[in-house]
Amino acid sequence: MTFLALTGFLNFIGSAFLGTVVLIKKPRRSLNRHFFYLNFSIAFFSIGYFFWQMSYKSSDAMAWFKILCAGIILINVTYLHYVFDLVDRYKQKKMELAVYYFINAIFIFMNFNSLLYSRLEPRFGLGLWPNPTMLFHVYLAFWLWECVYGLILLLRNLRVSTGMKKEQIKYSIVAACIAFIGGASNWPLWYGVNFPPYANVLIVVSICLQTYAIIRYQLMDIKVVLTRAGIFLIVYTLVLGIPLVIGFRSNFGLLSFIALFILATIGPILYPVMQKKAENMLLARQREYQRILHESAVLMLREHNLGRLLKLIIYGMRTIVKVEYVAIFLNDKDECCYKLMAASTGAVFPDGARFGYEDPVVDLLNTQKRPLMYEEISHLFNDHIKQSIHLLVPSFIYNTLLGFMALGEKKNKSFYTRDDLRTFDILSHQTALAIENCMFIDERKKTQDRLFQAEKLALIGGMAEGVAHQIKNRLSSFSLASRQMQTEIHNFRAKYPDVIERMPDLKEIFDSLDEIGELMIDNVKRTDNVIQGIVNYTLRDSKNNYFSDHPFKEIVDGAIELAKIKNCIEELPVTVDVDPGDTVYGVMRQILESVYNMLDNSYEAIEAKKHNYKNLDERMKYNPSIHIKLIRRPDSSIIEINDNGIGIAEEDKNKIFAPYFSTKTSYKSKSVSGIGLHIVQRMIEENHRGKIWFTSEFMKGTSFFIQLPAKNNALNAAQ
């Protein structure tokens with residue numbers, strides 16, 4: 001086997017194998033498919049080249065030569081096809097590409113009909129070579145144009161491309177130059193010039209470089225690759241060259257073998273040292289900011305405020321790494337999504353942006369568990385976002401995705417290297433610990449606030465019992481005095497009936513005093529009921545301060561009683577659609593307070609609607625109603641409270657749960673605080689992990705819904 005045959009064999013193996021690997025990696029990606037077509041053409045050329053060099057008969061050599069020439073023609077047109085796709089001009093160049101395919105098809109026809117060359121003849125001991133015709137000169141000019149045209153397109157797009165795309169084009173330019181040098185080294189022998197085409201082996205080198213550009217181009221700077229190659233050539237040129245020079249001068253005596261032994265020993269030691277020194281010089285800026293990032297992780301762990309921590313992370317990315325955009329998404333268990341918590345200036349992600357647990361982005365991060373580059377994530381975003389986001393860095397805690405950081409392009413237009421990814425991967429774990437620490441501290445503060453609130457309510461409850469006892473003592477005195485007065489009047493009437501008959505004024509006074517006494521006793525009873533209702537609310541059994549199953553009918557009855565007491569009315573226009581056996585899971589006192597607030601608001605909405613009617617007939621026709629029902633689901637219970645009151649105006653709907661906001665009309669007391677619904681929302685959503693929402697239409701009514709998780713779901717959410 002000759003060396004030229006060996007180059008054809010190596011080119012065939014390399015192109016067939018690497019082209020298939022790239023296709024299998026991402027078969028749906030058009031760039032990978034077009035790269036495969038290019039490598040198929042190279043493999044077609046190379047297998048023909050191999051058997052042409054191995055043929056000793058002119059007829060066999062001619063048959064294989066026609067195959068290799070067809071491969072040459074296919075290489076250039078598939079190369080242009082690949083370049084058009086790489087520079088994102090494939091759709092605009094479809095018609096032009098069709099013309100190139102048509103012209104090359106004509107040349108292939110000429111090739112198989114022996115119109116490009118006449119016969120094969122031996123030359124310089126390098127095999128059988130053709131005699132070109134005039135048509136071949138035309139083809140050679142066209143071949144040269146295709147090579148130059150592809151390079152021009154790559155160079156033009158190199159100037160306007162940024163980041164990873166720019167780096168990929170750099171690799172493609174270097175690979176194309178190497179491949180064309182290797183292929184063009186065959187042309188001199190066509191014209192009888194004694195120039196052995198040993199450079200033909202460079203074709204497989206270009207294939208390897210191009211494959212790296214497609215699959216792993218984002219992990220290594222082209223400057224580093226060329227520097228490594230240059231150092232390798234320098235070192236091993238000296239290692240092999242010096243012994244050869246000595247050998248030629250000393251007729252390959254002992255001195256040359258000693259020199260070879262010494263240099264071959266020093267070479268493997270010298271190469272990594274020189275490589276490390278060169279890379280440190282090239283990547284000095286990058287290594288510096290990686291060092292600063294590692295040191296800044298210590299500062300993050302000292303920060304206990306989540307808001308300040310996120311701002312610190314963004315500031316570090318912007319000033320140290322110098323990225324154009326940073327966005328941080330954190331897990332929101334209540335809404336089952338990853339919500340945008342902080343971002344640098346820029347409108348890449350809108351305010352309130354979120355990714356659900358089932359979103360492809362989240363699914364990919366959970367699957368890969370590593371930083372993801374532009375090539376891996378670009379298909380998951382729209383055009384605006386994918387042009388701005390070049391890296392996603394996830395943060396995991398105990399194999400659970402806590403959140404992720406989206407990074408834009410670097411300001412110097414360089415791309416993220418393998419060292420960058422390693423640094424961000426380590427940094428993400430430290431960031432996750434810092435964020436979890438802040439979230440734990442925030443949760444502890446909330447727990448302390450809830451405990452303080454519970455202690456305050458318990459204290460108020462204890463005070464209420466003492467105050468109620470004192471008030472009841474006074475009420476008992478009023479009741480006894482009234483009864484004593486009535487008894488004295490009754491005894492006087494029985495003892496002196498004739499006096500009463502003779503003095504009508506006295507009889508009228510006694511009747512009036514008797515009515516006053518009865519009225520006082522009736523009010524004492526009512527006041528006692530009010531006091532007892534308040535005591536029952538504030539001093540319920542201690543189990544009502546903890547999560548448990550509670551009869552919903554009992555909660556509704558207690559809320560109705562409190563609403564009647566608060567509004568000083570005998571009855572509420574309320575209907576209850578609840579089975580006696582229905583229960584809800586939660587803290588009874590908080591659920592009771594929530595239902596009471598809803599009822600109180602419904603009653604006030606009804607009264608507001610009455611006052612809104614200016615016409616007496618309309619007011620008389622109005623039939624106020626409040627309806628309470630419980631909807632049971634496998635995973636939750638939904639309390640629905642609707643009324644036909646005045647409703648909520650459209651401009652107030654987004655403020656209804658805001659603290660210190662109230663829709664109470666002027667006929668009510670000015671002491672309204674406007675924090676009732678805000679507190680209810682916190683008790684339901686923060687304490688019970690439930691939801692509260694409403695629907696309303698002004699002048700028609702409002703429906704409030706409180707969703708409480710079932711016992712198992714509530715326990716899982718708490719964990």
# chains A, B, ... in the order shown; residues from 1 in each chain; ligands from 1

$ residues_around --residues "Asn186 (chain A)" --least-positions-apart "5" --cutoff "8 Å" --atoms "only C-alpha atoms" --output "list of chain:residue names"
A:Pro196, A:Pro197, A:Asn200

$ write_last_selection --atoms "N, CA and C atoms" --output "CSV table (one decimal), in the first residue's frame"
chain,number,residue,atom,x,y,z
A,196,PRO,N,4.4,15.7,-5.2
A,196,PRO,CA,3.6,14.6,-4.6
A,196,PRO,C,2.6,15.1,-3.6
A,197,PRO,N,1.3,14.7,-3.7
A,197,PRO,CA,0.2,15.2,-2.9
A,197,PRO,C,0.1,14.6,-1.6
A,200,ASN,N,-2.6,15.4,1.0
A,200,ASN,CA,-4.0,14.9,0.9
A,200,ASN,C,-4.5,14.4,2.3

$ residues_around --residues "Glu561 (chain A)" --least-positions-apart "2" --cutoff "9 Å" --atoms "only C-alpha atoms" --output "PyMOL selection string"
chain A and resi 530+533+556-559+563-566+571+596

$ select_by_dssp --residues "region 609-709 of chain A" --states "alpha helix (DSSP H)" --output "MDAnalysis selection string"
chainID A and resid 609:612 616:621 676:682

$ residues_around --residues "region 87-99 of chain A" --least-positions-apart "3" --cutoff "9 Å" --atoms "only C-alpha atoms" --output "list of chain:residue names"
A:Val77, A:Leu80, A:His81, A:Tyr82, A:Val83, A:Phe84, A:Phe102, A:Ile103, A:Asn104, A:Leu153, A:Leu154, A:Asn157, A:Leu158, A:Ser161, A:Lys165, A:Ile169

$ residues_around --residues "region 347-349 of chain A" --least-positions-apart "3" --cutoff "8 Å" --atoms "only C-alpha atoms" --output "PyMOL selection string"
chain A and resi 327+353+384-385+388

$ write_last_selection --atoms "C-alpha atoms" --output "compact mmCIF listing (two decimals), in the first residue's frame"
# COMPACT_ATOMS: atom_id res chain seq x y z
CA ALA A 327 -31.86 36.78 35.28
CA ALA A 353 -42.02 35.56 33.83
CA HIS A 384 -35.97 37.40 21.02
CA ILE A 385 -34.92 35.35 24.05
CA SER A 388 -29.99 37.14 24.32

$ atom_distance --atom1 "CA of Leu480 (chain A)" --atom2 "CA of Val499 (chain A)"
26.9 Å
